[in-house]
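Asks: Input: one structure, supplied below.
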Amino acid sequence: GGGETRVGVERMFGLMDRFLKSDPSSLQKDILDHVEYTVARSRFSFDDFEAYQALAHSVRDRLIERWHDTQIHFKKKDPKRIYFLSLEFLMGRSLSNSVINLGIRDQYADALKELGFEFEVLAEQEGDAALGNGGVARLSACQMDSLATMDYPAWGYGLRYQYGLFRQVILDGYQHEQPDYWLNFGNPWEIERVHVTYPVKFYGTVEDDNFNGGKRKVWLPGETVEAVAYDNPIPGHGTRNTITLRLWAAKPSDQIDMESYNTGDYINAVVNRQRAETISSVLYPDDRSYQGKELRLKQQYFFVSASLQDIIRRFKDSHSNFDDFPEKVALQLNDTHPSLAIAEVMRVLVDEEHLDWNRAWDIVCKIFSFTSHTVLPEGLEKVPVDLLESLLPRHLQIIYDINFDYIEELKKRIGLDYDRLSRMSIVEDGAIKSIRMANLAIVCSHTVNGVSRVHSELLKTRVFKDFYELWPHKFDYKTNGVTQRRWIVVSNPSLSALISKWLGTEAWIRDMDLLAGLQEQAANADLHEEWRMVRKVNKMRLAEYIEAMSGIKVSVSAMFDVQIKRIHEYKRQLLNILGIIHRYDCIKNMEKSDRTKVVPRVCIIGGKAAPGYKIAKKIIKLCNAVAEKINNDPDVGDLLKLVFIPDYNVSVAELVIPGADLSQHISTAGHEASGTGSMKFLMNGCLLLATEDGSTVEIIEEIGKDNMFLFGAKMHEVPALREKGPTLKVPLQFARVVRMVRDGYFGFQDYFESLCDKVEGGNDFYLLGYDFQSYLEAQAAADKAFVDQDKWTRMSILSTAGSGRFSSDRTIEEYAEKTWGIEPCRCPF
Ligand code: 6GP
């Protein structure tokens, strides 16, 4: 009875410390307890990995405390919540980020030292969580950090892939893909929620619901799979708030299917059930191109359905009327991947909650916002109708119904312009009838955001022009940003300390605009000296990594020139490599006495190619073939080195970016929606060599054209240049370097032929030939600036000083205020 409970509660309070303590001996005790009771090793004998595991668990305990408090606080305050739906999150490692955001990194480092361990060494034991491909996925991770730090009541929802992005192994210069078994040794950063499960249904048939002659239907699904929640606490910095990234794993449903068990084939029945797990087993490694595969569609719906059941359950815990839904819930569609959420909300409201269709539609139109992350037409998903019909028959009907009403409305607005109507339809008629996910997202969202100003202009004038003309008020942009917590504080601790020292405050860690305060010190000789020292130490760290990984010795007095990102034709790694060949060719043809004038370079390229993207894979091979030649040429020595860094990922980026002098962001103008790598380099005082594309245009506004090396055709010139195609004049040097590749100067003549064909004879879609001359000029300007170390250091300081706008804190604040209508909800201490 009640009496017993009260006694129990008192006893519980008596046993509970208010919070876990963070003095060295408490930390040591917790770590050792985890060695013994969690990792189950003797506290007198455990290795670095086991020490890491124990350490991680002790951090996790502290995260859980804050996380509970935050969730209780949110529940009590019941603010409007933002649900961030994304099929990809590239979180990288968690340990350093967590202890820094919790404010107990130094305490841990001290505690470990006394136990005979080095914090940095243990941190290296952690593998990356790579549940995403590239830009869009890492952006989600940065935004989660900002949402937590700025106290927003936010949840991230995604999929818990068993296998993250493939490991890239380079053999003989070719990319090979290996599975990423990231969960093999357990994952201390997640909390399995065995009691938070939802059934997700597929296939089957749809029947009329006789109660409501109208649009309500009954879906009789053919297959049920269970979604199990795994919660990843995301701690904010300088706040107690710790939010949730909830990832779903697929498990066989525990509903007993008597029929398949009664056939007597018990083993096969079990094996069949086990197949359910494949839904969340592997991340699709293609960024952009969408294949319309059933498994991919299943992943999308699985994650959408589970997330919405969770969101609606939470809403119903404290609300009884769905009219309040838009006041309490904002749903963010991160690219088109989660767009099925629109049809799913309609289905739940109409078929399950029995709302009238129009009332449900009103609600849907108020809750969704959509952000597009690409300008490439192949990035716009289309789902074949046949596929959708068999997998999700009810959703197809709903999409048809939405489309019918919308097209009727559209006819009233624009008349019977059938070309335009068919372009704007959600349903594409053609050889393969399909659903245009972007059109669905635009029609049903209240806001369509681009990720930089010029990207938004492209969406309005090209990609989604028809929609912009119809609904200009829907279109907006929020220029991307990245989190300075990970990209300066975690990855570049010495620069971080230097900035705090010179600004006299650490407040910039939560308020990046304060970095502008460095501007007035940009010519200060003392700062210059300290700045150069920090940069040199970071370069040494990178040089050691390069040597350990590839055996190549590089000189830290050379300029470190870096291009790291996914391999794509539009990102033009090939332009970079052809430029390197040109540099090599020049050195070879120089008088020996002139070689002393060459500015030494270490060119570093890293990135993964989608496994089916042949041209991208050839680019990787070319890079390695050229590296082989140059690095072994005694004529060249330290004047030029080329390194391909294998298996580029978040933690490699954390090491490479602080050590870069120059970084390249050289997409053909009009192709990079935003670019976020550039912002990370900028913050770390690396100079940019770039085209005027994506967010670079806004970086120019912050730091000025003179503070970077710009080149190339402008966005408005590109279409006309393409038109000219074969008649475009291409510089001789370009023809010469391509000829060297064609003639087998770097071997593999046949293999590289098709690569050369891509940039010659009027096929040069990405304008490498056209931009080559100005690219070389920008490179020469960089060489010249590098020789003047005072000038270079000033430019470097001004880069960091001008990077404040590119914090994801600014981006998230804009989303919160303008798109989601949410407010901070800060958990009291
Ligand atoms: C990327 C864009 O290519 C990049 O320019 C942008 O910075 C990033 O998204 C974040 O907005 N897009 C993707 O990664 C992608 O898969 C569908 O787009």
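Chain identifiers are assigned as A, B, and so on, following the order in which chains appear in the structure tokens; residues are numbered from 1 within each chain, and ligands are numbered from 1 in order of appearance.
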Extract, using only C-alpha atoms, all DNA, RNA and protein residues at most 8 Å from stretch 103-110 of chain A, discarding same-chain residues fewer than 6 positions from it, and format them as a list in words.

Replies: Ser22, Asp23, Pro24, Leu27, Ser96, Glu118, Phe119, His237 and Gly238 of chain A

Asks: Which residues come within 12 Å of A:Tyr83, counting only C-alpha atoms, excluding same-chain residues fewer than 5 positions away, as number ranges by chain?

Replies: A: 144, 147, 152-158, 243-246, 304, 307-308, 310-312, 314, 328-334, 338, 341, 367-369, 816, 820, 822

Asks: Find the residues near ligand 1. Use a cut-off of 6 Å, count only C-alpha atoms and all ligand atoms, and write them as a list in words.

Replies: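 Those within range of ligand 1 are Gly134, Gly135, Val136, Leu139, Asp287, Arg288, His373, Thr374, Gly379, Val451, Glu672, Ala673, Ser674, Gly675 and Thr676 of chain A.
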
Asks: For A:Asp783, list every protein, DNA or RNA residue within 10 Å, evaluated using only C-alpha atoms, and leave out those in the same chain fewer than 3 positions away; present the list as a list in words.

Replies: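 The residues that qualify are Met559, Val598, Val599, Pro600, Arg601, Glu777, Ala778, Gln779, Ala780, Phe786, Val787 and Asp788 of chain A.
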
Asks: Go through A:Gly802, A:Gly744, A:Pro233, A:Gly164 and flag the residue nearest A:Asn707, using only C-alpha atoms for the distances.

Replies: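 Among the listed residues, A:Gly802 lies closest to A:Asn707.
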